[in-house]
Amino acid sequence: MASIITMPKFGLTMTEGTLSHWNKSVGERVEQGEPLYEVETDKITNEIEAPQEGVIRYIFTEVGQTVQVGAPLAIIAEESEDITELLDLQGPEEESKSNGLVEEKGAQNVVEEVYSDTYTRATPYAKKLAREQGISMQDVEASGPRGIILSHDVMKKSVSPAISPLAKKYAEEQEIEWQQIEQGRRIMLPDVIKKELEGSAAVAAAIDMPAATVKPITGMRKVIAERMSNSWQQIPHVTISREVDVTPLLSAKAVLDKNFKISITHFLIKIIAAALQKHPVLNAWFQDKEILYHHEVNMGIAVSVPEGLLVPVLKRVDQMDILEIAELMSDITSRAKEQKLRLDETQGGTFTISNLGMMGVEQFTPIINPPETGILGVGRIIEKPVFIGDGIVRRSFMSFSLSFDHRALDGAEAANFLQTVEFYIQEPIRLLMKARGK
């Protein structure tokens, strides 16, 4: 039975996805459960299996396109099966509403469309192009299956190139002559921007300025840009920093290193989880003018990947000992770098740690990951001489930068949280023994 494959929804906040790869082309057969295509979201790349067996009869969404959740991607059917209805053809009842005058915004001329007593066999996109170009469907020769008019059929009849509304709006605002763009398909916004850049390059060459290369923001980077911008604009960020003597922590690590492979980050996850239980307002979500306090600590760990940034979530770390944390983190971060995380491993975080210390950064201002109320930036370890009594000793220090949502808490509570973190750092073995005793 023929069916339409649509853009899946992987989480409550997902509104769109980018189709990054097709494993099959039109006309090829696919078996149920066989990997068919890949969808890229802000968090991970998901490989989607075919829901049924059949032949790929039609592809609506090409590689690289970003579409809304629920948008059609392709049609799977048997080779001889009629897919006319699945192409969302316009029937007689809907057609009658379109009879008469069709007016395009901004056009001075009104184009009259005349239809037959049956109905027009055309895809919605083809009809949209026809309306934009003022072309009668009766003048278009169909090349699709069973006499269906496709978009490129309309393009052949077009006197001027077709252009998307967004591209046309941008071209008019920037005074770009889009009619001169030579394109074998519909002109999109990147085409107009390319035309603008070509003009800019010519101007730059004339005044002896270096030309620039501009790449559109897509995929993971696009979503990161949108979310970080929204976070910074909507959340009143305040960042406070504290330098902490981590010499006792390094000593505890040296003891465990004799038998186990433990990093400073593993220690910090355990310490911060304990501190969050003392300061629940930072283990919370701010949403809809309410604060949702979580009873468990789900720690997000910022991980750099070639395409941007992922934040895998370590669930219920407050209930783990440091060895369990180390094992879980090793597994989840390695799969994050390979983009093989499950969707549930990127959701549900209650607090986030971003550690740039390993890259030589001392302090920075991390941006909150909504709806969380805080994020802790971890800087590099620096050795300093310190007066103790009348003598000078060498001690190791680390900077912590806490960005918090000022709607949820004030500076004093945030400062108290950092004090608690420092307390546990000064006596890490006691915290570990307490966890072991549970």
# chains A, B, ... in the order shown; residues from 1 in each chain; ligands from 1
>>> residues_around(residues="Ser304 of chain A", least_positions_apart="5", cutoff="8 Å", atoms="only C-alpha atoms", output="list in words")
Leu309, Leu310 and Lys337 of chain A
>>> residues_around(residues="Glu413 of chain A", least_positions_apart="4", cutoff="12 Å", atoms="only C-alpha atoms", output="list in words")
Ile240, Ala275, Leu276, Lys278, His279, Pro280, Val281, Leu282, Gly374, Leu402, Phe404, Asp405, His406, Ala408, Leu409, Phe417, Leu418, Gln419 and Thr420 of chain A
>>> select_by_dssp(residues="segment 254-428 of chain A", states="alpha helix (DSSP H)", output="PyMOL selection string")
chain A and resi 254-256+264-278+322-337+411-426+428
>>> closest_residue(among="A:Val313, A:Ile4, A:Lys261, A:Ile44", to="Phe60 of chain A", atoms="only C-alpha atoms")
A:Ile4
>>> atom_distance(atom1="atom CA of Val238 of chain A", atom2="atom CA of Gly411 of chain A")
8.0 Å
>>> atom_distance(atom1="atom CA of Ser151 of chain A", atom2="atom CA of Leu129 of chain A")
7.0 Å
>>> closest_residue(among="A:Ile163, A:Ile375, A:Ile5, A:Val386", to="Arg131 of chain A", atoms="only C-alpha atoms")
A:Ile163
>>> closest_residue(among="A:Gly349, A:Gly389, A:Gly219, A:Pro370", to="Leu314 of chain A", atoms="only C-alpha atoms")
A:Gly349
>>> residues_around(residues="Gln287 of chain A", least_positions_apart="2", cutoff="12 Å", atoms="only C-alpha atoms", output="count of residues only")
16
>>> select_by_dssp(residues="segment 389-425 of chain A", states="strand (DSSP E)", output="VMD selection string")
chain A and resid 391 to 405
>>> residues_around(residues="Ala126 of chain A", least_positions_apart="5", cutoff="7 Å", atoms="only C-alpha atoms", output="list in words")
Ile149, Leu150, Ser151 and Val154 of chain A
>>> write_last_selection(atoms="N, CA and C atoms", output="short mmCIF file (atom, residue, chain, number, x, y, z; two decimals), in the first residue's frame")
data_model
loop_
_atom_site.label_atom_id
_atom_site.label_comp_id
_atom_site.auth_asym_id
_atom_site.auth_seq_id
_atom_site.Cartn_x
_atom_site.Cartn_y
_atom_site.Cartn_z
N ILE A 149 1.38 17.40 -13.63
CA ILE A 149 2.24 18.55 -13.89
C ILE A 149 3.18 18.74 -12.71
N LEU A 150 4.47 18.76 -12.98
CA LEU A 150 5.48 18.95 -11.95
C LEU A 150 6.03 20.37 -12.02
N SER A 151 6.81 20.75 -11.01
CA SER A 151 7.29 22.12 -10.93
C SER A 151 8.15 22.51 -12.13
N VAL A 154 6.24 23.71 -15.12
CA VAL A 154 5.82 25.11 -15.05
C VAL A 154 7.00 26.02 -15.35
#
>>> atom_distance(atom1="atom CA of Thr346 of chain A", atom2="atom CA of Thr239 of chain A")
24.7 Å
>>> closest_residue(among="A:Gln179, A:Gln319, A:Asn283, A:Ser399", to="Lys270 of chain A", atoms="only C-alpha atoms")
A:Gln319
>>> residues_around(residues="Ala326 of chain A", least_positions_apart="3", cutoff="12 Å", atoms="only C-alpha atoms", output="list of chain:residue names")
A:Phe260, A:Lys261, A:Ile262, A:Ser263, A:Ile264, A:Thr265, A:His266, A:Phe267, A:Leu268, A:Ile269, A:Lys270, A:Leu314, A:Val317, A:Met320, A:Asp321, A:Ile322, A:Leu323, A:Met329, A:Ser330, A:Asp331, A:Ile332, A:Thr333
